[in-house]
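Trainee: One file is attached below, model.txt, containing compact mmCIF, N, CA and C atoms.
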# COMPACT_ATOMS: atom_id res chain seq x y z
N MET D 1 144.38 127.49 91.43
CA MET D 1 142.94 127.64 91.37
C MET D 1 142.47 128.53 92.52
N LYS D 2 141.63 129.46 92.20
CA LYS D 2 141.10 130.35 93.22
C LYS D 2 140.05 129.61 94.04
N THR D 3 139.75 130.15 95.21
CA THR D 3 138.78 129.53 96.10
C THR D 3 137.42 129.41 95.43
N GLU D 4 137.00 130.44 94.75
CA GLU D 4 135.70 130.43 94.07
C GLU D 4 135.67 129.37 92.97
N GLU D 5 136.75 129.29 92.20
CA GLU D 5 136.84 128.28 91.14
C GLU D 5 136.84 126.87 91.74
N MET D 6 137.50 126.71 92.87
CA MET D 6 137.56 125.42 93.53
C MET D 6 136.16 124.99 93.99
N LYS D 7 135.42 125.91 94.58
CA LYS D 7 134.06 125.60 95.01
C LYS D 7 133.19 125.22 93.82
N GLU D 8 133.34 125.96 92.73
CA GLU D 8 132.58 125.68 91.52
C GLU D 8 132.91 124.28 90.99
N TYR D 9 134.20 123.98 90.97
CA TYR D 9 134.66 122.66 90.50
C TYR D 9 134.09 121.54 91.37
N ILE D 10 134.13 121.72 92.67
CA ILE D 10 133.60 120.71 93.60
C ILE D 10 132.11 120.53 93.38
N ASP D 11 131.37 121.64 93.28
CA ASP D 11 129.92 121.55 93.09
C ASP D 11 129.56 120.90 91.75
N GLN D 12 130.38 121.16 90.74
CA GLN D 12 130.06 120.65 89.41
C GLN D 12 130.49 119.20 89.21
N PHE D 13 131.61 118.79 89.76
CA PHE D 13 132.15 117.46 89.44
C PHE D 13 132.20 116.49 90.63
N ILE D 14 132.61 116.97 91.77
CA ILE D 14 132.84 116.08 92.90
C ILE D 14 131.53 115.69 93.59
N ARG D 15 130.70 116.66 93.94
CA ARG D 15 129.47 116.37 94.68
C ARG D 15 128.52 115.44 93.93
N PRO D 16 128.29 115.63 92.62
CA PRO D 16 127.40 114.68 91.93
C PRO D 16 127.93 113.24 91.98
N LYS D 17 129.24 113.05 91.86
CA LYS D 17 129.81 111.70 91.94
C LYS D 17 129.62 111.13 93.34
N GLN D 18 129.86 111.95 94.37
CA GLN D 18 129.66 111.48 95.73
C GLN D 18 128.21 111.09 95.95
N LYS D 19 127.31 111.89 95.41
CA LYS D 19 125.89 111.61 95.56
C LYS D 19 125.53 110.28 94.87
N GLN D 20 126.09 110.04 93.70
CA GLN D 20 125.81 108.80 92.98
C GLN D 20 126.35 107.60 93.75
N TYR D 21 127.56 107.75 94.31
CA TYR D 21 128.14 106.67 95.10
C TYR D 21 127.26 106.38 96.32
N LEU D 22 126.82 107.44 96.97
CA LEU D 22 125.95 107.27 98.13
C LEU D 22 124.62 106.63 97.73
N PHE D 23 124.09 107.06 96.59
CA PHE D 23 122.83 106.48 96.11
C PHE D 23 123.00 104.98 95.91
N ASP D 24 124.06 104.59 95.24
CA ASP D 24 124.32 103.16 95.02
C ASP D 24 124.52 102.42 96.34
N TYR D 25 125.21 103.06 97.26
CA TYR D 25 125.45 102.44 98.56
C TYR D 25 124.13 102.22 99.30
N PHE D 26 123.32 103.27 99.37
CA PHE D 26 122.04 103.16 100.08
C PHE D 26 121.11 102.15 99.40
N ALA D 27 121.12 102.13 98.08
CA ALA D 27 120.29 101.15 97.36
C ALA D 27 120.73 99.74 97.71
N GLY D 28 122.02 99.53 97.84
CA GLY D 28 122.52 98.21 98.21
C GLY D 28 122.23 97.84 99.65
N GLN D 29 122.03 98.85 100.50
CA GLN D 29 121.77 98.61 101.92
C GLN D 29 120.28 98.56 102.27
N ALA D 30 119.42 98.69 101.28
CA ALA D 30 117.97 98.67 101.54
C ALA D 30 117.58 97.34 102.18
N PRO D 31 116.64 97.39 103.12
CA PRO D 31 116.21 96.14 103.75
C PRO D 31 115.68 95.15 102.70
N ASN D 32 116.00 93.89 102.90
CA ASN D 32 115.54 92.86 101.96
C ASN D 32 114.03 92.69 101.98
N GLU D 33 113.46 92.82 103.15
CA GLU D 33 112.01 92.68 103.28
C GLU D 33 111.34 93.99 102.85
N ILE D 34 110.58 93.93 101.80
CA ILE D 34 109.89 95.12 101.30
C ILE D 34 108.64 95.31 102.13
N PRO D 35 108.44 96.51 102.69
CA PRO D 35 107.26 96.72 103.53
C PRO D 35 105.97 96.59 102.72
N PRO D 36 104.92 96.11 103.35
CA PRO D 36 103.66 95.90 102.62
C PRO D 36 103.04 97.20 102.10
N TRP D 37 103.35 98.33 102.72
CA TRP D 37 102.77 99.60 102.27
C TRP D 37 103.40 100.08 100.97
N PHE D 38 104.54 99.53 100.58
CA PHE D 38 105.22 99.99 99.36
C PHE D 38 104.60 99.30 98.15
N GLU D 39 103.74 99.99 97.47
CA GLU D 39 103.08 99.47 96.27
C GLU D 39 103.25 100.47 95.13
N PRO D 40 104.35 100.38 94.39
CA PRO D 40 104.54 101.31 93.27
C PRO D 40 103.63 100.96 92.10
N GLU D 41 103.54 101.88 91.19
CA GLU D 41 102.77 101.61 89.97
C GLU D 41 103.41 100.45 89.22
N PRO D 42 102.59 99.61 88.61
CA PRO D 42 103.18 98.51 87.83
C PRO D 42 104.09 99.05 86.74
N LEU D 43 105.22 98.43 86.61
CA LEU D 43 106.22 98.88 85.65
C LEU D 43 105.87 98.42 84.24
N HIS D 44 105.40 97.22 84.15
CA HIS D 44 105.17 96.64 82.83
C HIS D 44 103.75 96.91 82.36
N ASP D 45 103.58 96.79 81.05
CA ASP D 45 102.33 97.10 80.38
C ASP D 45 101.10 96.65 81.17
N SER D 46 99.97 96.91 80.63
CA SER D 46 98.73 96.67 81.37
C SER D 46 98.54 95.21 81.73
N LYS D 47 97.83 95.03 82.82
CA LYS D 47 97.55 93.70 83.34
C LYS D 47 96.71 92.93 82.33
N PRO D 48 97.04 91.66 82.09
CA PRO D 48 96.24 90.87 81.13
C PRO D 48 94.78 90.75 81.59
N GLN D 49 93.90 90.80 80.64
CA GLN D 49 92.47 90.66 80.92
C GLN D 49 91.98 89.31 80.44
N GLN D 50 91.09 88.75 81.22
CA GLN D 50 90.51 87.45 80.84
C GLN D 50 89.64 87.65 79.61
N GLN D 51 89.88 86.82 78.59
CA GLN D 51 89.18 86.95 77.31
C GLN D 51 87.68 86.69 77.44
N THR D 52 87.31 85.70 78.21
CA THR D 52 85.91 85.31 78.32
C THR D 52 85.67 84.64 79.66
N ASP D 53 84.42 84.41 79.96
CA ASP D 53 84.10 83.61 81.14
C ASP D 53 83.20 82.46 80.71
N ALA D 54 82.90 81.57 81.64
CA ALA D 54 82.16 80.36 81.29
C ALA D 54 80.77 80.69 80.73
N TYR D 55 80.12 81.68 81.31
CA TYR D 55 78.76 82.01 80.88
C TYR D 55 78.77 82.55 79.44
N LYS D 56 79.63 83.52 79.16
CA LYS D 56 79.69 84.10 77.81
C LYS D 56 80.07 83.05 76.78
N PHE D 57 81.07 82.24 77.11
CA PHE D 57 81.54 81.23 76.18
C PHE D 57 80.44 80.20 75.89
N SER D 58 79.73 79.76 76.92
CA SER D 58 78.68 78.76 76.71
C SER D 58 77.50 79.35 75.96
N LYS D 59 77.17 80.61 76.22
CA LYS D 59 76.06 81.25 75.49
C LYS D 59 76.41 81.41 74.01
N LEU D 60 77.66 81.68 73.73
CA LEU D 60 78.09 81.86 72.35
C LEU D 60 78.11 80.53 71.59
N ASN D 61 78.57 79.47 72.26
CA ASN D 61 78.73 78.18 71.59
C ASN D 61 77.61 77.18 71.85
N ASP D 62 76.81 77.40 72.84
CA ASP D 62 75.67 76.52 73.16
C ASP D 62 74.50 77.40 73.62
N PRO D 63 73.94 78.18 72.68
CA PRO D 63 72.93 79.18 73.06
C PRO D 63 71.68 78.60 73.73
N THR D 64 71.31 77.40 73.39
CA THR D 64 70.10 76.82 73.99
C THR D 64 70.39 76.19 75.34
N GLY D 65 71.63 75.86 75.61
CA GLY D 65 71.99 75.23 76.87
C GLY D 65 71.65 73.76 76.92
N GLU D 66 71.27 73.18 75.79
CA GLU D 66 70.85 71.78 75.74
C GLU D 66 72.00 70.82 76.01
N HIS D 67 73.19 71.20 75.65
CA HIS D 67 74.32 70.28 75.76
C HIS D 67 75.04 70.37 77.10
N GLY D 68 74.62 71.26 77.97
CA GLY D 68 75.20 71.37 79.31
C GLY D 68 76.63 71.89 79.32
N MET D 69 76.96 72.68 78.32
CA MET D 69 78.32 73.20 78.24
C MET D 69 78.67 74.07 79.44
N TYR D 70 77.74 74.93 79.84
CA TYR D 70 78.01 75.83 80.97
C TYR D 70 78.35 75.04 82.23
N GLN D 71 77.62 73.99 82.48
CA GLN D 71 77.86 73.15 83.66
C GLN D 71 79.26 72.51 83.60
N ARG D 72 79.63 72.00 82.44
CA ARG D 72 80.95 71.37 82.29
C ARG D 72 82.07 72.40 82.48
N LEU D 73 81.87 73.59 81.93
CA LEU D 73 82.89 74.63 82.08
C LEU D 73 83.04 75.04 83.54
N CYS D 74 81.91 75.17 84.24
CA CYS D 74 81.96 75.55 85.66
C CYS D 74 82.65 74.46 86.49
N GLU D 75 82.37 73.21 86.17
CA GLU D 75 83.03 72.12 86.89
C GLU D 75 84.54 72.14 86.63
N TRP D 76 84.91 72.39 85.39
CA TRP D 76 86.34 72.46 85.07
C TRP D 76 87.01 73.62 85.79
N LEU D 77 86.33 74.78 85.87
CA LEU D 77 86.90 75.93 86.57
C LEU D 77 87.10 75.66 88.05
N LYS D 78 86.19 74.90 88.65
CA LYS D 78 86.32 74.56 90.08
C LYS D 78 87.50 73.64 90.32
N ASP D 79 87.73 72.72 89.38
CA ASP D 79 88.80 71.74 89.54
C ASP D 79 89.43 71.45 88.17
N PRO D 80 90.37 72.31 87.73
CA PRO D 80 90.93 72.15 86.38
C PRO D 80 92.04 71.10 86.30
N CYS D 81 91.86 70.00 87.01
CA CYS D 81 92.90 68.98 87.00
C CYS D 81 92.78 68.05 85.78
N PHE D 82 91.68 68.11 85.07
CA PHE D 82 91.53 67.29 83.87
C PHE D 82 91.50 68.18 82.64
N ASP D 83 91.83 67.61 81.51
CA ASP D 83 91.81 68.34 80.25
C ASP D 83 90.65 67.88 79.41
N PHE D 84 90.06 68.82 78.69
CA PHE D 84 89.03 68.45 77.71
C PHE D 84 89.73 67.82 76.51
N GLU D 85 89.00 67.00 75.81
CA GLU D 85 89.56 66.37 74.61
C GLU D 85 89.80 67.43 73.54
N GLU D 86 90.77 67.16 72.67
CA GLU D 86 91.16 68.10 71.63
C GLU D 86 90.00 68.50 70.73
N ARG D 87 89.14 67.57 70.38
CA ARG D 87 88.08 67.85 69.41
C ARG D 87 86.86 68.55 70.03
N MET D 88 86.84 68.69 71.34
CA MET D 88 85.70 69.33 72.01
C MET D 88 85.84 70.86 71.96
N ILE D 89 84.72 71.54 71.84
CA ILE D 89 84.73 73.01 71.82
C ILE D 89 85.18 73.57 73.18
N GLU D 90 84.94 72.77 74.23
CA GLU D 90 85.35 73.21 75.57
C GLU D 90 86.87 73.37 75.66
N ARG D 91 87.59 72.65 74.80
CA ARG D 91 89.05 72.73 74.81
C ARG D 91 89.52 74.15 74.45
N LYS D 92 88.75 74.80 73.58
CA LYS D 92 89.09 76.18 73.21
C LYS D 92 88.97 77.09 74.44
N PHE D 93 87.93 76.88 75.24
CA PHE D 93 87.75 77.65 76.47
C PHE D 93 88.91 77.37 77.43
N GLN D 94 89.26 76.11 77.58
CA GLN D 94 90.36 75.72 78.45
C GLN D 94 91.66 76.40 78.01
N ASP D 95 91.93 76.40 76.72
CA ASP D 95 93.14 77.04 76.21
C ASP D 95 93.15 78.54 76.48
N LEU D 96 92.00 79.18 76.30
CA LEU D 96 91.90 80.62 76.58
C LEU D 96 92.19 80.92 78.05
N ILE D 97 91.61 80.14 78.94
CA ILE D 97 91.79 80.37 80.38
C ILE D 97 93.23 80.07 80.78
N GLU D 98 93.81 78.99 80.27
CA GLU D 98 95.20 78.66 80.61
C GLU D 98 96.16 79.72 80.07
N ASP D 99 95.91 80.22 78.87
CA ASP D 99 96.75 81.30 78.33
C ASP D 99 96.66 82.55 79.20
N TYR D 100 95.44 82.87 79.65
CA TYR D 100 95.25 84.03 80.51
C TYR D 100 96.06 83.88 81.80
N TYR D 101 95.97 82.73 82.45
CA TYR D 101 96.69 82.53 83.71
C TYR D 101 98.21 82.51 83.51
N THR D 102 98.66 82.02 82.38
CA THR D 102 100.09 82.06 82.07
C THR D 102 100.55 83.51 81.90
N ASP D 103 99.79 84.29 81.12
CA ASP D 103 100.12 85.70 80.92
C ASP D 103 100.08 86.48 82.24
N LEU D 104 99.09 86.16 83.07
CA LEU D 104 98.96 86.83 84.36
C LEU D 104 100.16 86.51 85.26
N ALA D 105 100.58 85.26 85.27
CA ALA D 105 101.74 84.87 86.09
C ALA D 105 103.01 85.58 85.62
N ILE D 106 103.20 85.68 84.32
CA ILE D 106 104.36 86.39 83.78
C ILE D 106 104.31 87.86 84.16
N TRP D 107 103.14 88.47 84.02
CA TRP D 107 102.97 89.89 84.38
C TRP D 107 103.27 90.11 85.86
N GLN D 108 102.73 89.24 86.72
CA GLN D 108 102.96 89.39 88.16
C GLN D 108 104.44 89.21 88.50
N ASN D 109 105.08 88.24 87.87
CA ASN D 109 106.50 88.00 88.12
C ASN D 109 107.34 89.21 87.70
N ASN D 110 107.08 89.75 86.53
CA ASN D 110 107.82 90.92 86.05
C ASN D 110 107.63 92.11 86.97
N ASN D 111 106.42 92.31 87.45
CA ASN D 111 106.17 93.44 88.34
C ASN D 111 106.76 93.21 89.72
N GLN D 112 106.84 91.98 90.16
CA GLN D 112 107.48 91.69 91.44
C GLN D 112 108.97 91.99 91.36
N ILE D 113 109.58 91.65 90.25
CA ILE D 113 111.00 91.96 90.05
C ILE D 113 111.19 93.48 90.02
N ALA D 114 110.33 94.17 89.29
CA ALA D 114 110.42 95.63 89.21
C ALA D 114 110.20 96.26 90.59
N ARG D 115 109.28 95.71 91.37
CA ARG D 115 109.01 96.22 92.71
C ARG D 115 110.25 96.10 93.59
N TYR D 116 110.98 95.03 93.45
CA TYR D 116 112.21 94.82 94.22
C TYR D 116 113.20 95.95 93.95
N PHE D 117 113.41 96.28 92.68
CA PHE D 117 114.37 97.33 92.35
C PHE D 117 113.82 98.72 92.66
N LYS D 118 112.54 98.92 92.42
CA LYS D 118 111.95 100.22 92.75
C LYS D 118 112.05 100.49 94.25
N TRP D 119 111.90 99.45 95.07
CA TRP D 119 112.03 99.60 96.51
C TRP D 119 113.43 100.08 96.86
N ARG D 120 114.44 99.49 96.25
CA ARG D 120 115.82 99.87 96.53
C ARG D 120 116.07 101.32 96.14
N TYR D 121 115.57 101.73 94.98
CA TYR D 121 115.76 103.11 94.54
C TYR D 121 114.99 104.09 95.44
N TYR D 122 113.78 103.72 95.81
CA TYR D 122 112.99 104.56 96.70
C TYR D 122 113.70 104.73 98.04
N TYR D 123 114.20 103.63 98.58
CA TYR D 123 114.90 103.67 99.86
C TYR D 123 116.12 104.59 99.77
N ALA D 124 116.90 104.44 98.70
CA ALA D 124 118.10 105.26 98.53
C ALA D 124 117.73 106.75 98.41
N GLN D 125 116.68 107.06 97.68
CA GLN D 125 116.25 108.46 97.54
C GLN D 125 115.85 109.04 98.89
N GLN D 126 115.12 108.25 99.67
CA GLN D 126 114.69 108.73 100.98
C GLN D 126 115.88 108.94 101.91
N MET D 127 116.86 108.05 101.83
CA MET D 127 118.06 108.20 102.67
C MET D 127 118.84 109.45 102.26
N LEU D 128 118.96 109.71 100.96
CA LEU D 128 119.67 110.91 100.50
C LEU D 128 118.94 112.18 100.93
N LYS D 129 117.60 112.16 100.85
CA LYS D 129 116.82 113.33 101.29
C LYS D 129 117.04 113.58 102.77
N GLU D 130 117.00 112.51 103.56
CA GLU D 130 117.20 112.65 105.00
C GLU D 130 118.61 113.13 105.30
N ARG D 131 119.57 112.61 104.58
CA ARG D 131 120.96 113.02 104.76
C ARG D 131 121.13 114.50 104.45
N GLU D 132 120.55 114.95 103.34
CA GLU D 132 120.63 116.37 102.97
C GLU D 132 119.98 117.25 104.02
N LYS D 133 118.87 116.77 104.58
CA LYS D 133 118.19 117.55 105.60
C LYS D 133 119.09 117.74 106.82
N TRP D 134 119.73 116.66 107.25
CA TRP D 134 120.59 116.75 108.43
C TRP D 134 121.87 117.50 108.14
N ILE D 135 122.53 117.18 107.06
CA ILE D 135 123.79 117.85 106.73
C ILE D 135 123.52 119.30 106.37
N GLY D 136 122.45 119.54 105.62
CA GLY D 136 122.10 120.91 105.27
C GLY D 136 121.83 121.73 106.52
N GLY D 137 121.13 121.16 107.50
CA GLY D 137 120.85 121.85 108.75
C GLY D 137 122.12 122.15 109.52
N GLN D 138 123.06 121.20 109.52
CA GLN D 138 124.33 121.42 110.22
C GLN D 138 125.13 122.51 109.53
N ARG D 139 125.10 122.54 108.23
CA ARG D 139 125.83 123.58 107.50
C ARG D 139 125.26 124.95 107.83
N GLU D 140 123.94 125.06 107.90
CA GLU D 140 123.30 126.33 108.23
C GLU D 140 123.71 126.77 109.64
N GLU D 141 123.72 125.81 110.55
CA GLU D 141 124.13 126.15 111.94
C GLU D 141 125.57 126.62 111.97
N GLU D 142 126.44 125.96 111.19
CA GLU D 142 127.85 126.37 111.16
C GLU D 142 127.98 127.77 110.58
N LYS D 143 127.16 128.08 109.56
CA LYS D 143 127.21 129.42 108.97
C LYS D 143 126.80 130.47 109.99
N GLU D 144 125.76 130.16 110.77
CA GLU D 144 125.29 131.11 111.78
C GLU D 144 126.34 131.34 112.85
N LYS D 145 127.06 130.28 113.24
CA LYS D 145 128.08 130.39 114.27
C LYS D 145 129.25 131.27 113.80
N THR D 146 129.60 131.13 112.53
CA THR D 146 130.74 131.90 112.02
C THR D 146 130.38 133.36 111.79
N ASN D 147 129.11 133.68 111.60
CA ASN D 147 128.70 135.07 111.34
C ASN D 147 128.58 135.87 112.60
Here is the file; what I need is its structure written in the form of structure tokens.

Mentor:
Amino acid sequence: MKTEEMKEYIDQFIRPKQKQYLFDYFAGQAPNEIPPWFEPEPLHDSKPQQQTDAYKFSKLNDPTGEHGMYQRLCEWLKDPCFDFEERMIERKFQDLIEDYYTDLAIWQNNNQIARYFKWRYYYAQQMLKEREKWIGGQREEEKEKTN
């Protein structure tokens, strides 16, 4: 193999593999504590939205306000340790709110997991960039010395 062919072979096959190995190594060496400034875009679909609130729900189901539905819903929101009875219309509101908080918790958990891996990839990319800057600079200096 000629010198030129050897350089071509190294650039085409060897360096990308070395870079991938280094990427994996740096990703594995990323600090476990993710810095607070690292806030990537959410990976998973849009954040769940609350279907309704106590005021809208009570106006829709108790427009006159005679039955005190709004007050009961507000009390439940302040302290949701009790459940409304199955046959009460307030139970529908409770189910909507509980479903929303369940969906929100799942969304937050999925994005926290994604944030963990995105941090590792970000860290590895930054380390490779810094490495290229230093090694690239040394190579340039070596070229200048030989010329």

Trainee: Could you check how far CA of Lys92 (chain D) sits from CA of Gln108 (chain D), in Å to one decimal?

Mentor: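 Calculated distance between CA of Lys92 (chain D) and CA of Gln108 (chain D) is 24.3 Å.
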
Trainee: Dig up all the protein and nucleic acid residues within 12 Å of (93.5, 79.3, 77.7) in the file frame, using only C-alpha atoms, and format them as a list in words.

Mentor: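 Protein and nucleic acid residues near the point are Gln49, Gln50, Gln51, Thr52, Asp53, Ala54, Leu77, Pro80, Asp83, Phe84, Glu90, Arg91, Lys92, Phe93, Gln94, Asp95, Leu96, Ile97, Glu98, Asp99, Tyr100, Tyr101, Thr102, Asp103 and Leu104 of chain D.
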
Trainee: Taking all atoms listed in the file into account, which of D:Ile89, D:Leu22, D:Leu60, D:Ile34 comes nearest Met127 (chain D)?

Mentor: D:Leu22

Trainee: Just the number, please: distance in Å from CA of Tyr122 (chain D) to CA of Pro42 (chain D), one decimal.

Mentor: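 Between CA of Tyr122 (chain D) and CA of Pro42 (chain D) the gap is 14.5 Å.
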
Trainee: As an exercise, work out the distance from atom N of Arg120 (chain D) to CA of Ala27 (chain D) in Å and give it to one decimal place.

Mentor: 6.2 Å

Trainee: Extract, using all atoms listed in the file, all DNA, RNA and protein residues at most 8 Å from Tyr55 (chain D), discarding same-chain residues fewer than 5 positions from it, and format them as a ChimeraX atom specification.

Mentor: /D:60-61,69-70,73-74

Trainee: What residues in region 16-95 of chain D get the DSSP label alpha helix (DSSP H)? Please answer as number ranges by chain.

Mentor: D: 16-28, 54-61, 69-78, 90-95

Trainee: Write the residues of the preceding selection, restricted to N, CA and C atoms, as an mmCIF file, in the frame of the given file.

Mentor:
data_model
loop_
_atom_site.group_PDB
_atom_site.id
_atom_site.type_symbol
_atom_site.label_atom_id
_atom_site.label_comp_id
_atom_site.auth_asym_id
_atom_site.auth_seq_id
_atom_site.Cartn_x
_atom_site.Cartn_y
_atom_site.Cartn_z
ATOM 1 N N PRO D 16 128.290 115.630 92.620
ATOM 2 C CA PRO D 16 127.400 114.680 91.930
ATOM 3 C C PRO D 16 127.930 113.240 91.980
ATOM 4 N N LYS D 17 129.240 113.050 91.860
ATOM 5 C CA LYS D 17 129.810 111.700 91.940
ATOM 6 C C LYS D 17 129.620 111.130 93.340
ATOM 7 N N GLN D 18 129.860 111.950 94.370
ATOM 8 C CA GLN D 18 129.660 111.480 95.730
ATOM 9 C C GLN D 18 128.210 111.090 95.950
ATOM 10 N N LYS D 19 127.310 111.890 95.410
ATOM 11 C CA LYS D 19 125.890 111.610 95.560
ATOM 12 C C LYS D 19 125.530 110.280 94.870
ATOM 13 N N GLN D 20 126.090 110.040 93.700
ATOM 14 C CA GLN D 20 125.810 108.800 92.980
ATOM 15 C C GLN D 20 126.350 107.600 93.750
ATOM 16 N N TYR D 21 127.560 107.750 94.310
ATOM 17 C CA TYR D 21 128.140 106.670 95.100
ATOM 18 C C TYR D 21 127.260 106.380 96.320
ATOM 19 N N LEU D 22 126.820 107.440 96.970
ATOM 20 C CA LEU D 22 125.950 107.270 98.130
ATOM 21 C C LEU D 22 124.620 106.630 97.730
ATOM 22 N N PHE D 23 124.090 107.060 96.590
ATOM 23 C CA PHE D 23 122.830 106.480 96.110
ATOM 24 C C PHE D 23 123.000 104.980 95.910
ATOM 25 N N ASP D 24 124.060 104.590 95.240
ATOM 26 C CA ASP D 24 124.320 103.160 95.020
ATOM 27 C C ASP D 24 124.520 102.420 96.340
ATOM 28 N N TYR D 25 125.210 103.060 97.260
ATOM 29 C CA TYR D 25 125.450 102.440 98.560
ATOM 30 C C TYR D 25 124.130 102.220 99.300
ATOM 31 N N PHE D 26 123.320 103.270 99.370
ATOM 32 C CA PHE D 26 122.040 103.160 100.080
ATOM 33 C C PHE D 26 121.110 102.150 99.400
ATOM 34 N N ALA D 27 121.120 102.130 98.080
ATOM 35 C CA ALA D 27 120.290 101.150 97.360
ATOM 36 C C ALA D 27 120.730 99.740 97.710
ATOM 37 N N GLY D 28 122.020 99.530 97.840
ATOM 38 C CA GLY D 28 122.520 98.210 98.210
ATOM 39 C C GLY D 28 122.230 97.840 99.650
ATOM 40 N N ALA D 54 82.900 81.570 81.640
ATOM 41 C CA ALA D 54 82.160 80.360 81.290
ATOM 42 C C ALA D 54 80.770 80.690 80.730
ATOM 43 N N TYR D 55 80.120 81.680 81.310
ATOM 44 C CA TYR D 55 78.760 82.010 80.880
ATOM 45 C C TYR D 55 78.770 82.550 79.440
ATOM 46 N N LYS D 56 79.630 83.520 79.160
ATOM 47 C CA LYS D 56 79.690 84.100 77.810
ATOM 48 C C LYS D 56 80.070 83.050 76.780
ATOM 49 N N PHE D 57 81.070 82.240 77.110
ATOM 50 C CA PHE D 57 81.540 81.230 76.180
ATOM 51 C C PHE D 57 80.440 80.200 75.890
ATOM 52 N N SER D 58 79.730 79.760 76.920
ATOM 53 C CA SER D 58 78.680 78.760 76.710
ATOM 54 C C SER D 58 77.500 79.350 75.960
ATOM 55 N N LYS D 59 77.170 80.610 76.220
ATOM 56 C CA LYS D 59 76.060 81.250 75.490
ATOM 57 C C LYS D 59 76.410 81.410 74.010
ATOM 58 N N LEU D 60 77.660 81.680 73.730
ATOM 59 C CA LEU D 60 78.090 81.860 72.350
ATOM 60 C C LEU D 60 78.110 80.530 71.590
ATOM 61 N N ASN D 61 78.570 79.470 72.260
ATOM 62 C CA ASN D 61 78.730 78.180 71.590
ATOM 63 C C ASN D 61 77.610 77.180 71.850
ATOM 64 N N MET D 69 76.960 72.680 78.320
ATOM 65 C CA MET D 69 78.320 73.200 78.240
ATOM 66 C C MET D 69 78.670 74.070 79.440
ATOM 67 N N TYR D 70 77.740 74.930 79.840
ATOM 68 C CA TYR D 70 78.010 75.830 80.970
ATOM 69 C C TYR D 70 78.350 75.040 82.230
ATOM 70 N N GLN D 71 77.620 73.990 82.480
ATOM 71 C CA GLN D 71 77.860 73.150 83.660
ATOM 72 C C GLN D 71 79.260 72.510 83.600
ATOM 73 N N ARG D 72 79.630 72.000 82.440
ATOM 74 C CA ARG D 72 80.950 71.370 82.290
ATOM 75 C C ARG D 72 82.070 72.400 82.480
ATOM 76 N N LEU D 73 81.870 73.590 81.930
ATOM 77 C CA LEU D 73 82.890 74.630 82.080
ATOM 78 C C LEU D 73 83.040 75.040 83.540
ATOM 79 N N CYS D 74 81.910 75.170 84.240
ATOM 80 C CA CYS D 74 81.960 75.550 85.660
ATOM 81 C C CYS D 74 82.650 74.460 86.490
ATOM 82 N N GLU D 75 82.370 73.210 86.170
ATOM 83 C CA GLU D 75 83.030 72.120 86.890
ATOM 84 C C GLU D 75 84.540 72.140 86.630
ATOM 85 N N TRP D 76 84.910 72.390 85.390
ATOM 86 C CA TRP D 76 86.340 72.460 85.070
ATOM 87 C C TRP D 76 87.010 73.620 85.790
ATOM 88 N N LEU D 77 86.330 74.780 85.870
ATOM 89 C CA LEU D 77 86.900 75.930 86.570
ATOM 90 C C LEU D 77 87.100 75.660 88.050
ATOM 91 N N LYS D 78 86.190 74.900 88.650
ATOM 92 C CA LYS D 78 86.320 74.560 90.080
ATOM 93 C C LYS D 78 87.500 73.640 90.320
ATOM 94 N N GLU D 90 84.940 72.770 74.230
ATOM 95 C CA GLU D 90 85.350 73.210 75.570
ATOM 96 C C GLU D 90 86.870 73.370 75.660
ATOM 97 N N ARG D 91 87.590 72.650 74.800
ATOM 98 C CA ARG D 91 89.050 72.730 74.810
ATOM 99 C C ARG D 91 89.520 74.150 74.450
ATOM 100 N N LYS D 92 88.750 74.800 73.580
ATOM 101 C CA LYS D 92 89.090 76.180 73.210
ATOM 102 C C LYS D 92 88.970 77.090 74.440
ATOM 103 N N PHE D 93 87.930 76.880 75.240
ATOM 104 C CA PHE D 93 87.750 77.650 76.470
ATOM 105 C C PHE D 93 88.910 77.370 77.430
ATOM 106 N N GLN D 94 89.260 76.110 77.580
ATOM 107 C CA GLN D 94 90.360 75.720 78.450
ATOM 108 C C GLN D 94 91.660 76.400 78.010
ATOM 109 N N ASP D 95 91.930 76.400 76.720
ATOM 110 C CA ASP D 95 93.140 77.040 76.210
ATOM 111 C C ASP D 95 93.150 78.540 76.480
#

Trainee: Take every atom of region 124-129 of chain D listed in the file, pad by 4 Å on each side, and give me the axis-aligned box centre and edge lengths in Å, one decimal, as JSON.

Mentor:
{"center_x": 117.2, "center_y": 109.0, "center_z": 100.2, "size_x": 13.0, "size_y": 17.1, "size_z": 13.2}
